[in-house]
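Notes for the one structure printed next.
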Amino acid sequence: MYTKQALRELGISGSLSEADRRSLDEDGFFIAEGVLTDDQCAAMAAAFDKLAAVEGDQGGHEVHIEPNAQRVSNIFSKTDAFDACLAIAPMLLASHYLLGEFKLHGSNLREPQPDGGQQDLHADVPKKFDDDWWVCNGIIAFDDITLDNGPPRVVPGSHKWQPMNVAYVNIHDWEPTPLTPEEAARVPADLSAPYPGEVIATAPKGSLIVINSSLWHGGTTNRSGARRRVLHLTYTRRDLPQQFVYRSAVTADLYTRMSPAQRFLMDIEELPKGATAMTQSAGRNSGSEWWSPPARAD
Ligand SMILES: O=C(O)CCC(=O)C(=O)O
């Protein structure tokens with residue numbers, strides 16, 4: 001199996017629209033409305049609440065717990081309610097365009113809680129050279145994302161700049177190089193402050209916001225307290241590690257309900273030696289801390 005073949009088997013052929021491709025190239029993001037129906041949004045929002053009620057403040061524990069934002073990870077092992085998100089054409093076509101041969105990277109539900117959700121400006125991943133794209137991030141909205149319920153902010157064009165404030169767990173074998181004076185001047189003194197030229201990304205429920213993960217971006221505060229449930233669905237190149245290793249957590253139900261093409265894209269075609277398609281141990285690919293290296297024992 002290869003990526004183009006998997007997409008074909010999911011009924012997805014052709015390429016990104018010219019406008020979306022241009023936005024992704026120049027701005028580092030685009031918004032596609034209407035990728036889910038209102039009924040699908042309502043069902044996924046209810047499934048979000050059900051998982052959040054079970055996991056509470058431990059939600060996201062397999063990957064990352066974020067104070068003041070409800071998260072849930074490893075969602076496809078827990079429910080089939082979000083399966084339709086795995087077949088959204090602009091998401092898969094954008095990932096193929098940026099990454100070539102790709103696989104699922106992460107699947108994290110996220111909702112900023114009232115007065116919570118503010119994040120420092122960051123890029124999700126490093127890059128070793130211009131246009132070395134590592135991850136494509138899709139924010140799929142089950143509620144309207146408005147100016148005051150914690151919309152994401154993005155800095156158009158910043159995917160072409162140096163990686164900035166990348167979480168330690170995402171750095172892998174990247175070695176930072178010294179910043180040029182021009183690069184150093186771009187780094188804000190206050191990472192939580194509004195950045196010149198930033199865009200607040202609003203979108204009606206059922207929309208997909210595709211972000212090149214090298215773009216400088218971040219969550220903002222949910223000032224109104226209105227619901228803002230989304231799924232962050234991320235894809236990465238096949239040579240890079242997944243954020244959540246589904247192969248080590250696959251359930252019999254997940255394995256059997258995925259088609260061969262979906263198993264390929266989730267990287268659960270070949271299970272570890274001796275494993276059955278039953279729940280394995282936690283799927284996180286590293287025990288290290290999110291923002292900094294683990295403390296040394298000595
Ligand atoms: O959910 C959002 O609005 C953005 C969150 C984000 O950028 C992140 O978690 O890295």
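We label chains A, B, ... in the order they appear in the structure tokens, count residues from 1 in each chain, and number ligands from 1 in the order shown.
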Close residues to ligand 1 using only C-alpha atoms and all ligand atoms, limit 7 Å, as a list of chain:residue names: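 My answer, listing the contacting residues, is A:Arg110, A:Glu111, A:Asp124, A:Gly150, A:Pro151, A:Pro152, A:His217, A:Gly218, A:Gly219, A:Thr220, A:Val230.
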Within 7 Å of range 35-48 of chain A, which residues of range 67-152 of chain A show up? Give each one with its shortest atom-to-atom distance in Å (one decimal) and the two atoms involved, counting only C-alpha atoms, rows by chain then rising residue number, as a tab-separated table.
```
residue	atom	partner	partner_atom	distance
A:Ala81	CA	A:Met44	CA	6.1
A:Phe82	CA	A:Met44	CA	6.3
A:Ile88	CA	A:Val35	CA	6.7
A:Phe142	CA	A:Cys41	CA	4.6
```
Any chance you can output those residues with C-alpha atoms as a short mmCIF file (atom, residue, chain, number, x, y, z; two decimals), in the first residue's frame?
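Here's the written file result.cif:
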```
data_model
loop_
_atom_site.label_atom_id
_atom_site.label_comp_id
_atom_site.auth_asym_id
_atom_site.auth_seq_id
_atom_site.Cartn_x
_atom_site.Cartn_y
_atom_site.Cartn_z
CA ALA A 81 -17.87 8.37 16.82
CA PHE A 82 -15.11 10.33 15.06
CA ILE A 88 -12.10 14.35 4.95
CA PHE A 142 -17.93 20.61 16.25
#
```
Selection: 7 Å around Pro126 in chain A, only C-alpha atoms, excl. self and same-chain fewer than 2 positions, as an NGL selection string: :A and (128 or 163 or 166 or 171 or 174 or 214)
Sort by chain and increasing residue number a table of all residues of range 98-140 of chain A within 8 Å of range 59-68 of chain A, each with its closest pair of atoms and their distance in Å to one decimal, counting only C-alpha atoms, and write it as a Markdown table.
```
| residue | atom | partner | partner_atom | distance |
| --- | --- | --- | --- | --- |
| A:Asn108 | CA | A:Gly60 | CA | 7.2 |
| A:Pro112 | CA | A:Asn68 | CA | 6.3 |
| A:Gln113 | CA | A:Asn68 | CA | 5.5 |
| A:Pro114 | CA | A:Asn68 | CA | 8.0 |
| A:Asp115 | CA | A:Asn68 | CA | 8.0 |
| A:Gly116 | CA | A:Asn68 | CA | 4.8 |
| A:Gly117 | CA | A:Asn68 | CA | 5.7 |
```
Writer output for current selection, N, CA and C atoms, as a PDB file, in the first residue's frame:
```pdb
ATOM      1  N   ASN A 108      -6.354  14.448  18.919  1.00  0.00           N
ATOM      2  CA  ASN A 108      -6.574  15.036  20.239  1.00  0.00           C
ATOM      3  C   ASN A 108      -7.801  15.940  20.227  1.00  0.00           C
ATOM      4  N   PRO A 112     -11.040  24.741  25.046  1.00  0.00           N
ATOM      5  CA  PRO A 112     -10.591  25.682  26.082  1.00  0.00           C
ATOM      6  C   PRO A 112     -11.729  25.934  27.062  1.00  0.00           C
ATOM      7  N   GLN A 113     -11.446  25.811  28.349  1.00  0.00           N
ATOM      8  CA  GLN A 113     -12.491  26.024  29.359  1.00  0.00           C
ATOM      9  C   GLN A 113     -12.714  27.521  29.560  1.00  0.00           C
ATOM     10  N   PRO A 114     -13.852  27.923  30.136  1.00  0.00           N
ATOM     11  CA  PRO A 114     -14.097  29.354  30.331  1.00  0.00           C
ATOM     12  C   PRO A 114     -12.899  30.032  31.006  1.00  0.00           C
ATOM     13  N   ASP A 115     -12.457  31.127  30.417  1.00  0.00           N
ATOM     14  CA  ASP A 115     -11.289  31.888  30.887  1.00  0.00           C
ATOM     15  C   ASP A 115      -9.979  31.112  30.772  1.00  0.00           C
ATOM     16  N   GLY A 116      -9.994  29.980  30.109  1.00  0.00           N
ATOM     17  CA  GLY A 116      -8.771  29.184  29.928  1.00  0.00           C
ATOM     18  C   GLY A 116      -8.452  29.017  28.449  1.00  0.00           C
ATOM     19  N   GLY A 117      -7.339  28.342  28.204  1.00  0.00           N
ATOM     20  CA  GLY A 117      -7.009  27.959  26.829  1.00  0.00           C
ATOM     21  C   GLY A 117      -5.920  28.792  26.183  1.00  0.00           C
TER      22      GLY A 117
END
```
Å distance separating CA of Thr146 in chain A from CA of Thr221 in chain A, one decimal place: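 That distance, rounded to one decimal, is 11.4 Å.
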I need the residues of range 30-239 of chain A that end up classed as strand (DSSP E or B) by DSSP on the backbone, written out as a PDB file with N, CA and C atoms, in the first residue's frame.
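Listing of result-v5.pdb after writing:
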```pdb
ATOM      1  N   PHE A  30      -5.361  27.144   5.640  1.00  0.00           N
ATOM      2  CA  PHE A  30      -6.587  27.491   4.927  1.00  0.00           C
ATOM      3  C   PHE A  30      -7.778  26.935   5.695  1.00  0.00           C
ATOM      4  N   ILE A  31      -8.957  27.465   5.407  1.00  0.00           N
ATOM      5  CA  ILE A  31     -10.179  27.015   6.085  1.00  0.00           C
ATOM      6  C   ILE A  31     -11.126  26.445   5.039  1.00  0.00           C
ATOM      7  N   ALA A  32     -11.614  25.213   5.289  1.00  0.00           N
ATOM      8  CA  ALA A  32     -12.625  24.594   4.410  1.00  0.00           C
ATOM      9  C   ALA A  32     -13.907  24.439   5.227  1.00  0.00           C
ATOM     10  N   GLU A  66      -3.375  19.483  29.548  1.00  0.00           N
ATOM     11  CA  GLU A  66      -3.211  20.939  29.457  1.00  0.00           C
ATOM     12  C   GLU A  66      -4.121  21.585  30.494  1.00  0.00           C
ATOM     13  N   ALA A  69      -7.738  23.428  29.698  1.00  0.00           N
ATOM     14  CA  ALA A  69      -8.309  23.003  28.410  1.00  0.00           C
ATOM     15  C   ALA A  69      -8.590  21.509  28.543  1.00  0.00           C
ATOM     16  N   GLN A  70      -9.827  21.113  28.226  1.00  0.00           N
ATOM     17  CA  GLN A  70     -10.165  19.691  28.256  1.00  0.00           C
ATOM     18  C   GLN A  70      -9.567  19.024  27.024  1.00  0.00           C
ATOM     19  N   ARG A  71      -8.821  17.979  27.259  1.00  0.00           N
ATOM     20  CA  ARG A  71      -8.280  17.220  26.131  1.00  0.00           C
ATOM     21  C   ARG A  71      -8.651  15.754  26.288  1.00  0.00           C
ATOM     22  N   VAL A  72      -8.710  15.024  25.175  1.00  0.00           N
ATOM     23  CA  VAL A  72      -8.819  13.559  25.177  1.00  0.00           C
ATOM     24  C   VAL A  72      -8.007  13.074  23.977  1.00  0.00           C
ATOM     25  N   PHE A 102       2.452   9.734   3.989  1.00  0.00           N
ATOM     26  CA  PHE A 102       2.148  10.165   5.355  1.00  0.00           C
ATOM     27  C   PHE A 102       1.345   9.121   6.115  1.00  0.00           C
ATOM     28  N   LYS A 103       1.252   9.354   7.436  1.00  0.00           N
ATOM     29  CA  LYS A 103       0.452   8.495   8.323  1.00  0.00           C
ATOM     30  C   LYS A 103      -0.134   9.377   9.420  1.00  0.00           C
ATOM     31  N   LEU A 104      -1.117   8.823  10.131  1.00  0.00           N
ATOM     32  CA  LEU A 104      -1.706   9.557  11.250  1.00  0.00           C
ATOM     33  C   LEU A 104      -0.618   9.850  12.287  1.00  0.00           C
ATOM     34  N   HIS A 105      -0.684  11.007  12.878  1.00  0.00           N
ATOM     35  CA  HIS A 105       0.298  11.430  13.884  1.00  0.00           C
ATOM     36  C   HIS A 105      -0.378  11.507  15.242  1.00  0.00           C
ATOM     37  N   GLY A 106      -1.480  12.254  15.337  1.00  0.00           N
ATOM     38  CA  GLY A 106      -2.191  12.387  16.613  1.00  0.00           C
ATOM     39  C   GLY A 106      -3.662  12.636  16.392  1.00  0.00           C
ATOM     40  N   SER A 107      -4.436  12.423  17.450  1.00  0.00           N
ATOM     41  CA  SER A 107      -5.888  12.640  17.389  1.00  0.00           C
ATOM     42  C   SER A 107      -6.295  13.134  18.767  1.00  0.00           C
ATOM     43  N   ASN A 108      -6.354  14.448  18.919  1.00  0.00           N
ATOM     44  CA  ASN A 108      -6.574  15.036  20.239  1.00  0.00           C
ATOM     45  C   ASN A 108      -7.801  15.940  20.227  1.00  0.00           C
ATOM     46  N   LEU A 109      -8.803  15.566  21.042  1.00  0.00           N
ATOM     47  CA  LEU A 109      -9.926  16.482  21.254  1.00  0.00           C
ATOM     48  C   LEU A 109      -9.428  17.614  22.139  1.00  0.00           C
ATOM     49  N   ARG A 110      -9.963  18.815  21.904  1.00  0.00           N
ATOM     50  CA  ARG A 110      -9.535  19.952  22.750  1.00  0.00           C
ATOM     51  C   ARG A 110     -10.658  20.967  22.857  1.00  0.00           C
ATOM     52  N   GLU A 111     -10.891  21.419  24.089  1.00  0.00           N
ATOM     53  CA  GLU A 111     -11.829  22.523  24.309  1.00  0.00           C
ATOM     54  C   GLU A 111     -11.263  23.449  25.384  1.00  0.00           C
ATOM     55  N   PRO A 112     -11.040  24.741  25.046  1.00  0.00           N
ATOM     56  CA  PRO A 112     -10.591  25.682  26.082  1.00  0.00           C
ATOM     57  C   PRO A 112     -11.729  25.934  27.062  1.00  0.00           C
ATOM     58  N   PRO A 114     -13.852  27.923  30.136  1.00  0.00           N
ATOM     59  CA  PRO A 114     -14.097  29.354  30.331  1.00  0.00           C
ATOM     60  C   PRO A 114     -12.899  30.032  31.006  1.00  0.00           C
ATOM     61  N   HIS A 122       3.678  29.291  19.304  1.00  0.00           N
ATOM     62  CA  HIS A 122       4.625  28.199  19.101  1.00  0.00           C
ATOM     63  C   HIS A 122       4.480  27.644  17.689  1.00  0.00           C
ATOM     64  N   VAL A 135       4.608  17.992   9.894  1.00  0.00           N
ATOM     65  CA  VAL A 135       3.246  17.631  10.346  1.00  0.00           C
ATOM     66  C   VAL A 135       2.231  18.584   9.725  1.00  0.00           C
ATOM     67  N   CYS A 136       1.071  18.026   9.394  1.00  0.00           N
ATOM     68  CA  CYS A 136      -0.067  18.824   8.919  1.00  0.00           C
ATOM     69  C   CYS A 136      -1.189  18.660   9.950  1.00  0.00           C
ATOM     70  N   ASN A 137      -1.701  19.791  10.427  1.00  0.00           N
ATOM     71  CA  ASN A 137      -2.664  19.782  11.543  1.00  0.00           C
ATOM     72  C   ASN A 137      -4.038  20.221  11.034  1.00  0.00           C
ATOM     73  N   GLY A 138      -5.051  19.430  11.307  1.00  0.00           N
ATOM     74  CA  GLY A 138      -6.419  19.823  10.950  1.00  0.00           C
ATOM     75  C   GLY A 138      -7.231  20.055  12.206  1.00  0.00           C
ATOM     76  N   ILE A 139      -7.792  21.239  12.348  1.00  0.00           N
ATOM     77  CA  ILE A 139      -8.687  21.519  13.484  1.00  0.00           C
ATOM     78  C   ILE A 139     -10.110  21.385  12.949  1.00  0.00           C
ATOM     79  N   ILE A 140     -10.816  20.366  13.427  1.00  0.00           N
ATOM     80  CA  ILE A 140     -12.162  20.073  12.924  1.00  0.00           C
ATOM     81  C   ILE A 140     -13.151  20.530  13.984  1.00  0.00           C
ATOM     82  N   ALA A 141     -14.028  21.480  13.614  1.00  0.00           N
ATOM     83  CA  ALA A 141     -14.869  22.177  14.596  1.00  0.00           C
ATOM     84  C   ALA A 141     -16.245  21.521  14.726  1.00  0.00           C
ATOM     85  N   ILE A 145     -16.527  28.291  15.938  1.00  0.00           N
ATOM     86  CA  ILE A 145     -15.342  28.931  16.544  1.00  0.00           C
ATOM     87  C   ILE A 145     -15.493  30.425  16.289  1.00  0.00           C
ATOM     88  N   ARG A 153      -5.070  31.396  17.048  1.00  0.00           N
ATOM     89  CA  ARG A 153      -4.440  32.514  16.328  1.00  0.00           C
ATOM     90  C   ARG A 153      -3.296  31.958  15.494  1.00  0.00           C
ATOM     91  N   VAL A 154      -3.074  32.570  14.346  1.00  0.00           N
ATOM     92  CA  VAL A 154      -2.005  32.120  13.441  1.00  0.00           C
ATOM     93  C   VAL A 154      -1.276  33.349  12.918  1.00  0.00           C
ATOM     94  N   VAL A 199      -3.579  36.496  12.773  1.00  0.00           N
ATOM     95  CA  VAL A 199      -4.968  36.383  12.342  1.00  0.00           C
ATOM     96  C   VAL A 199      -5.689  35.479  13.330  1.00  0.00           C
ATOM     97  N   ILE A 200      -6.883  35.890  13.750  1.00  0.00           N
ATOM     98  CA  ILE A 200      -7.708  35.047  14.604  1.00  0.00           C
ATOM     99  C   ILE A 200      -8.582  34.215  13.669  1.00  0.00           C
ATOM    100  N   ALA A 203     -14.500  30.135  12.434  1.00  0.00           N
ATOM    101  CA  ALA A 203     -15.091  29.237  11.429  1.00  0.00           C
ATOM    102  C   ALA A 203     -16.382  28.651  11.980  1.00  0.00           C
ATOM    103  N   LEU A 208     -13.097  22.838   8.766  1.00  0.00           N
ATOM    104  CA  LEU A 208     -11.755  22.295   8.968  1.00  0.00           C
ATOM    105  C   LEU A 208     -10.769  23.444   8.785  1.00  0.00           C
ATOM    106  N   ILE A 209      -9.913  23.651   9.780  1.00  0.00           N
ATOM    107  CA  ILE A 209      -8.831  24.627   9.621  1.00  0.00           C
ATOM    108  C   ILE A 209      -7.552  23.818   9.455  1.00  0.00           C
ATOM    109  N   VAL A 210      -6.960  23.873   8.282  1.00  0.00           N
ATOM    110  CA  VAL A 210      -5.716  23.124   8.030  1.00  0.00           C
ATOM    111  C   VAL A 210      -4.534  24.059   8.273  1.00  0.00           C
ATOM    112  N   ILE A 211      -3.623  23.611   9.123  1.00  0.00           N
ATOM    113  CA  ILE A 211      -2.457  24.425   9.481  1.00  0.00           C
ATOM    114  C   ILE A 211      -1.187  23.619   9.218  1.00  0.00           C
ATOM    115  N   ASN A 212      -0.276  24.186   8.454  1.00  0.00           N
ATOM    116  CA  ASN A 212       1.062  23.618   8.379  1.00  0.00           C
ATOM    117  C   ASN A 212       1.653  23.760   9.791  1.00  0.00           C
ATOM    118  N   HIS A 217       1.597  29.630  15.822  1.00  0.00           N
ATOM    119  CA  HIS A 217       0.169  29.665  16.129  1.00  0.00           C
ATOM    120  C   HIS A 217      -0.032  29.375  17.617  1.00  0.00           C
ATOM    121  N   GLY A 218      -1.279  29.399  18.072  1.00  0.00           N
ATOM    122  CA  GLY A 218      -1.560  29.024  19.461  1.00  0.00           C
ATOM    123  C   GLY A 218      -3.030  29.186  19.789  1.00  0.00           C
ATOM    124  N   ASN A 222     -10.822  31.416  26.100  1.00  0.00           N
ATOM    125  CA  ASN A 222     -12.273  31.341  25.883  1.00  0.00           C
ATOM    126  C   ASN A 222     -12.943  32.369  26.798  1.00  0.00           C
ATOM    127  N   VAL A 230     -13.301  20.844  19.524  1.00  0.00           N
ATOM    128  CA  VAL A 230     -12.689  20.529  18.226  1.00  0.00           C
ATOM    129  C   VAL A 230     -11.883  19.242  18.351  1.00  0.00           C
ATOM    130  N   LEU A 231     -11.586  18.678  17.202  1.00  0.00           N
ATOM    131  CA  LEU A 231     -10.594  17.596  17.113  1.00  0.00           C
ATOM    132  C   LEU A 231      -9.369  18.135  16.387  1.00  0.00           C
ATOM    133  N   HIS A 232      -8.204  17.954  16.991  1.00  0.00           N
ATOM    134  CA  HIS A 232      -6.944  18.193  16.281  1.00  0.00           C
ATOM    135  C   HIS A 232      -6.520  16.858  15.691  1.00  0.00           C
ATOM    136  N   LEU A 233      -6.604  16.754  14.384  1.00  0.00           N
ATOM    137  CA  LEU A 233      -6.190  15.529  13.698  1.00  0.00           C
ATOM    138  C   LEU A 233      -4.899  15.857  12.976  1.00  0.00           C
ATOM    139  N   THR A 234      -3.828  15.163  13.338  1.00  0.00           N
ATOM    140  CA  THR A 234      -2.535  15.504  12.744  1.00  0.00           C
ATOM    141  C   THR A 234      -1.966  14.318  11.972  1.00  0.00           C
ATOM    142  N   TYR A 235      -1.314  14.647  10.877  1.00  0.00           N
ATOM    143  CA  TYR A 235      -0.646  13.639  10.045  1.00  0.00           C
ATOM    144  C   TYR A 235       0.829  13.993   9.942  1.00  0.00           C
ATOM    145  N   THR A 236       1.677  12.978   9.843  1.00  0.00           N
ATOM    146  CA  THR A 236       3.116  13.211   9.731  1.00  0.00           C
ATOM    147  C   THR A 236       3.700  12.372   8.602  1.00  0.00           C
ATOM    148  N   ARG A 237       4.957  12.675   8.241  1.00  0.00           N
ATOM    149  CA  ARG A 237       5.616  11.861   7.214  1.00  0.00           C
ATOM    150  C   ARG A 237       5.809  10.442   7.749  1.00  0.00           C
TER     151      ARG A 237
END
```
Nearby residues (only C-alpha atoms) at most 12 Å from Ser17 in chain A, same-chain spacing under 3 positions excluded, as a ChimeraX atom specification: /A:13-14,20-24,30-32,89-91,93-94,97
Option closest in space to Leu7 in chain A, from A:Thr202, A:Ser95, A:Ser73, A:Thr180 [counting only C-alpha atoms]: A:Ser95
Which of A:Val155, A:Ala261, A:Glu26, A:Ala249 sits closest to Pro196 in chain A [using only C-alpha atoms]: A:Val155
Selection near range 157-162 of chain A, 8 Å with only C-alpha atoms, sequence-local residues under 6 positions removed, as a ChimeraX atom specification: /A:26-28,127,130-131,183,212-216
